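Structure first, commentary second.
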Amino acid sequence: MNVVTPFEGIGASVRRKEDLRFLSGRGQYTDDISRPGQAHAYLLRSPHAHARILSVDTAAAKAMPGVVAVFTSADMAGLGGIPCGWQIHNKDGSPMAEPVHPVLATGKVRHVGDPVAVVVAESRAQAKDAAEAILVEYEVLPAAVDMEAALAPGAPALHDTAPGNLCYDWQIGDKAITDAAFAGAHKVVKFETTNNRLVPNAMEPRAAIGDYDTTSGDYTLYTTSQNPHVIRLLMGAFVLQIPEAKLRVVAPDVGGGFGSKIYHYAEEAIVTWAAGKLHRPVKWTCERTESFMSDAHGRDHVTRCQLALDAQGKFLGLRVQTHANMGAYLSTFAPCVPTYLYATLLSGVYAIPTIHAEVKAVFTSTVPVDAYRGAGRPEATYLLERLVDVAAAETGIDKVELRRRNFIPTDAFPYQTPVALQYDSGNYFATLDQALETSGWTGFEARRAEAAAQGKLRGIGISTYLEACGIAPSAVVGSLGARAGLYEVGTIRVHPTGSVTVLTGSHSHGQGHETTFAQLVADRLGVPIAQVDVVHGDTAKVPFGMGTYGSRSLAVGGSAMFKAMDKIIAKGKKIAAHLMEASVEDIEFDRGTFRVAGTDRSKALAEISLAAYVPHNFPHDELEPGLDETAFYDPKNFTYPGGCHIAEVEIDSETGRVTVVQFTAVDDIGRVINPMIVEGQVQGGVAQGIGQALLEHAVYDSAGQLLSGSMMDYTMPRADDLPPVGVATHATLCTHNPLGVKGCGEVGAIGSPPAVMNAVVDALRDYGVRHIEMPATPAKIWNIINAGRRPMAAE
Amino acid sequence: MYDFAYHKPATIADAVKILSADPDARAIAGGQTLLPALKHRLNRPPAVVDLSGIAELRGVKRDGNKLTIGALTRHVDVANSPEVQAAIPALAKMAGSIGDIQVRNRGTMGGSVANNDPAADYPAAVLGLNATVVTDKRRIAADDFFQGMFTTALEPGELLVAVEFPIPEKAGYAKMRNPASRYVMAGVFVAKTAGGVRVVVNGAGPGVFRQSEMEKALTANWSADAVAGVKQSAEGLNGDIHGSAEYRAHLVTVMAKRAVAEAG
Amino acid sequence: MPQVTLTVNGKAHTVEVEGRTLLVELLREQLRLTGTHVGCDTSQCGACVVHVDGDSVKSCTLLAVQADGCKITTIEGLAKPDGTLHPMQEAFREYHALQCGFCTPGMVMSAIDLVKKHPAGLSEKEIREGLEGNLCRCTGYHNIVKAIAAAQDVMHGRRSELARAAE
């Protein structure tokens with residue numbers, strides 16, 4: 001009966017278990033939930049980037065049809081602020097500036113979209129109608145939009161507790177050794193760049209429903225979250241003071257996250273609090289244009305760097321100075337993104353003897369900035385991979401050869417970088433060689449010539465990247481300022497007849513955990529995936545969890561499940577030994593069968609589980625009945641996926657439009673559980689990376705208005721903007737987790753932007769271009785071509 | 001969206017009666033422009049008059065050297081009409097390039113022409129083909145109809161009924177789309193008509209306009225090369241985060257070349 | 001309040017709405033057909049696409065009153081009563097053309113209309129262009145394009161079942 005076909009275990013492209021409900025319209029996303037008697041909330045948001053709130057008059061709004069209540073910050077006086085989950089220390093050891101982030105703006109507004117009041121009404125439309133009747137008197141203050149302007153002396157101060165709008169001034173690496181390396185350098189390459197600000201735009205807008213049971217005093221929050229347990233902790237303990245036992249957080253089907261749904265947002269606290277106040281459910285659903293001014297944005301770095309090389313092109317040292325935009329308030333993970341998720345990655349795939357990086361985090365009158373797919377690692381990779389191309393151009397060394405010359409040798413693992421990380425495994429030569437071959441690198445010049453004959457400029461670009469993911473271990477991140485542990489929790493519940501329920505603290509919002517995790521169980525316990533149910537996203541069902549981000553679900557969450565299965569197998573062996581009257585040491589377990597070694601005596605898992613739940617014949621002296629085990633897994637290290645991405649672009653020289661005509665990704669993500677899902681993850685990540693390189697940009701004007709504040713002006717990648725994306729994997733196994741897995745969710749977004757931009761610069765090599773900032777929009781490219789033509793025309 | 005009274009008249013006369021009675025009432029055809037505006041509360045009409053019940057506003061008719069397209073004819077119907085494809089292929093192709101499939105399944109010629117969004121497609125064809133706009137009251141030459149951004153010769157209560165297109169000798173259209181909205185960033189419609197060559201620019205400026213230097217150049221020599229050397233002045237053109245006025249001016253020449261090549 | 005009579009997935013409904021009620025609001029909030037999603041407010045994302053009298057339409061850009069007398073098909077109405085999926089749904093599953101599933105209903109409804117209107121078949125480029133009105137943030141569209149290419153052969157009777165490309 002319990003036969004697992006070889007097509008269901010590790011390595012099989014199993015079709016996804018979750019698809020049937022999504023394809024039938026039976027998914028249940030937060031906005032699909034309707035609680036009996038629910039009222040609807042609408043937030044009145046600031047139209048100004050920086051202003052003092054002189055008065056808020058809600059009387060007229062309260063009298064509008066259907067209005068249940070109108071709240072301002074005065075009504076929420078007892079609540080805590082929205083907490084930040086990570087504390088960074090300055091160079092001098094003092095802690096970062098951490099201004100209060102009130103649930104509703106108090107005294108001042110600090111970005112366009114900062115919520116000022118909330119209307120609760122019988123319908124969403126009525127709440128919106130009434131919000132227009134709220135009279136807010138503002139004293140508009142000068143905004144500090146641009147980071148350089150915000151840091152300048154005399155800049156408008158956003159927070160009294162953050163002098164000079166500085167959140168922190170942090171460093172990593174050894175300055176003296178790095179200075180010495182530069183002093184002895186044959187050549188120093190200087191480079192400056194901006195990593196463009198992005199809006200994550202998961203297709204499902206955020207939503208939240210607060211519910212309150214007047215008889216039990218229990219609160220329930222349904223929310224679009226990547227980590228419901230973390231929200232319960234942050235909101236319950238820091239904002240609303242509700243103990244865990246009285247607060248349930250449910251993150252049902254969630255329509256994409258990409259980081260933006262990690263954080264605890266004000267709206268979650270507002271609907272939960274309001275439900276308690278009003279004794280009825282309160283629902284809020286974000287409109288897309290509202291998302292642009294309330295979801296955490298991503299990236300937004302300005303960086304200067306210098307690379308020291310010897311005469312052979314070997315890297316001697318790297319200096320980096322980065323300004324990172326925090327926006328108006330600290331979002332949950334924001335401070336760690338430009339530090340421990342960015343500067344620690346500055347060695348990339350290269351053996352760089354010494355690195356010194358300095359990061360200033362800056363408050364500005366803009367939407368808070370936090371982790372977005374890749375989080376810090378795309379910024380580091382982009383910097384390094386553009387820098388290496390610039391260095392290749394300036395030293396005259398071939399760009400592939402320069403990379404090879406500086407790769408960490410394959411026999412050098414574990415490899416300690418000068419910026420804290422120790423890489424456990426990798427083979428950068430292998431992924432490079434495979435990508436070069438697949439992309440037809442050597443035949444490129446013929447394709448360039450062919451394109452030129454048709455009036456097109458063709459270029460090719462390479463990126464050899466590395467990322468750290470599976471974010472952990474608790475002890476290490478704790479010493480670096482994390483205020484939470486970064487383990488994961490998995491429960492394996494074998495039912496009496498042998499089917500399995502998995503409870504996981506990881507959260508799936510597109511990653512296909514219901515399938516991949518079931519495959520892990522099928523592969524190890526021999527239970528067909530149809531009989532494995534994966535439960536996630538509900539604090540009332542899952543013991544605990546840290547959620548899904550940083551490509552951690554399989555490496556950390558999957559490993560927790562693996563550890564729980566260890567316990568299941570260990571207990572099962574004892575039960576089997578008892579039933580078969582053998583010694584535990586003699587019991588072997590393989591895919592669902594407990595066997596007495598060297599005999600034909602065996603018991604199936606279902607027989608063992610039945611004995612565990614119907615313990616008529618059971619070793620009661622040494623075991624409890626039941627077969628239900630939980631493991632907390634706290635890994636020893638990050639995992640280190642790496643690889644090579646190659647992009648080929650064509651530019652219409654008349655319009656400046658860049659088209660990616662070919663994209664090749666060869667990634668080392670460790671062991672692959674479901675190749676179909678992995679390819680999909682990489683393709684999706686690459687699409688977001690191409691989006692960053694060519695299309696997407698959150699642009700503010702000097703007054704702090706977001707010019708690209710809707711999809712009419714923020715360019716989302718469409719099907720006809722993108723090429724087919726070829727994906728291959730080349731695995732070296734992670735050495736410290738039991739699955740050997742590394743993570744695949746972010747590699748696409750990390751490796752691809754520099755590959756595309758290196759290709760764009762390559763295509764424009766005849767125009768004297770050294771660097772182009774992202775996104776490479778048609779207008780920007782035409783400006784370059786046009787500027788290049790003028791001197792030529794004058795000759 | 002603010003709430004409004006909804007009317008669905010069955011005749012032109014009834015529609016005009018309601019629209020004339022309240023100058024703030026808005027007619028809705030496909031609603032692909034009006035509804036997004038209403039959803040963002042940019043507009044607060046007390047009444048919305050749905051024209052979809054008026055059968056006579058629909059359809060394509062060829063009459064000798066003239067093509068008449070009813071105001072309520074959807075973009076998809078113009079794109080797929082064998083009459084339009086045979087008589088003015090550039091117009092059918094343009095209709096098939098407006099917005100996306102779902103917009104084309106709802107959006108109408110009358111709605112687009114009456115709205116006169118500078119970044120819309122149809123106004124360029126109407127002006128470029130020297131069409132006549134037919135209303136419930138009168139006939140308006142295209143040269144008199146478009147009066148700048150979102151402004152036309154239509155008077156309050158006046159209803160656009162159809163557009164009459166004289167069939168040109170040849171015509172072509174090329175556009176560069178705004179990467180985000182996919183509306184026209186700069187487009188050029190060229191036509192060789194009985195009344196002479198017409199070149200119309202859309203998207204780039206505050207409204208559709210004729211490019212007389214290009215018209216002269218093409219009258220002298222109908223070829224892409226003839227317009228390649230004609231520079232559009234950037235003065236008065238739109239500039240935004242997607243491209244400066246200079247970029248749009250440059251695109252006008254590029255699109256003019258491509259439109260001529262398209263026309264053959 | 002205006003009254004609207006429409007047929008949704010073969011079932012007749014008469015519903016009272018406001019003039020401003022959108023078709024998607026009627027479907028989601030009054031008929032509780034929550035498979036049709038809202039992902040933007042600028043008529044661009046296409047998560048809300050349904051079929052109105054056989055044409056794909058953005059139900060966020062159509063007043064409920066405008067759909068009076070119309071036949072509507074939503075994602076919930078595609079599969080046969082016995083649960084057999086429409087070939088397009090089947091192809092999306094087979095080719096892993098969905099991840100978070102949020103854009104999927106609209107994407108599938110658009111894809112079906114696109115394929116139906118092109119009986120001669122669509123090239124990869126035409127499929128990509130035909131998806132202009134639908135945004136997906138997860139897949140990079142790669143597998144969506146493959147799924148539609150495969151489904152069109154089944155829908156037009158050129159193949160009896162989906163043939164997944166050799167792996």
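For the structure tokens, the naming scheme is as follows: chains receive sequential letters (A, B, ...) according to their order of presentation, residues are indexed from 1 within each chain, and ligands are indexed from 1 in presentation order.
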
*Contacts of range 130-138 of chain C within 9 Å, only C-alpha atoms, excl. fewer than 3 positions in-chain, as a count of residues only*: 49

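Taking only range 16-77 of chain C, the residues that DSSP calls helix (DSSP H, G or I) from the backbone come to C:Leu23, C:Val24, C:Glu25, C:Leu26, C:Leu27, C:Arg28, C:Glu29, C:Gln30, C:Ser59, C:Cys60, C:Thr61, C:Ala64, C:Val65, C:Gln66, C:Ala67, C:Ile75, C:Glu76, C:Gly77.
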
*Could you give me, as a PyMOL selection string, the residues within 10 Å of range 210-224 of chain B, counting only C-alpha atoms and dropping anything in the same chain fewer than 5 positions from it?*
chain B and resi 124+127-128+143+188-192+196-202+229-232+252-264

With C-alpha atoms retained, could you export that selection as a short mmCIF file (atom, residue, chain, number, x, y, z; two decimals), in the first residue's frame?
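Listed below is the output, result_32.cif:
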data_model
loop_
_atom_site.label_atom_id
_atom_site.label_comp_id
_atom_site.auth_asym_id
_atom_site.auth_seq_id
_atom_site.Cartn_x
_atom_site.Cartn_y
_atom_site.Cartn_z
CA ALA B 124 -3.99 60.49 -34.38
CA LEU B 127 -6.75 63.79 -37.55
CA GLY B 128 -4.30 61.99 -39.83
CA ASP B 143 -8.88 69.78 -37.82
CA VAL B 188 3.16 59.33 -35.66
CA PHE B 189 0.34 58.65 -38.09
CA VAL B 190 1.07 59.37 -41.75
CA ALA B 191 -1.42 59.31 -44.60
CA LYS B 192 -1.43 60.07 -48.28
CA GLY B 196 -2.74 65.74 -49.56
CA VAL B 197 -0.24 64.26 -47.17
CA ARG B 198 -0.99 64.45 -43.46
CA VAL B 199 1.38 63.72 -40.60
CA VAL B 200 0.02 63.68 -37.08
CA VAL B 201 1.91 63.33 -33.81
CA ASN B 202 0.34 61.89 -30.68
CA GLY B 229 16.08 64.68 -41.66
CA VAL B 230 13.12 66.60 -40.27
CA LYS B 231 13.62 67.45 -36.65
CA GLN B 232 10.69 67.95 -34.32
CA VAL B 252 8.79 61.76 -33.43
CA THR B 253 11.31 61.57 -36.27
CA VAL B 254 12.01 57.89 -35.61
CA MET B 255 8.33 57.01 -35.50
CA ALA B 256 7.63 59.09 -38.61
CA LYS B 257 10.22 57.06 -40.53
CA ARG B 258 8.70 53.84 -39.27
CA ALA B 259 5.16 54.95 -40.02
CA VAL B 260 6.10 55.78 -43.61
CA ALA B 261 7.83 52.43 -43.96
CA GLU B 262 4.73 50.77 -42.54
CA ALA B 263 2.50 52.60 -45.01
CA GLY B 264 4.65 51.42 -47.88
#

*Name all residues at most 8 Å from range 116-121 of chain C (count only C-alpha atoms; drop same-chain ones fewer than 6 positions away) and give them as a PyMOL selection string.*
chain C and resi 152-153+155-156

*Within 7 Å of range 59-63 of chain B, counting only C-alpha atoms, which residues show up once you throw out same-chain ones fewer than 5 positions away? Write them as a list in words, please.*
Thr68, Ile69, Gly70, Thr73 and Glu83 of chain B
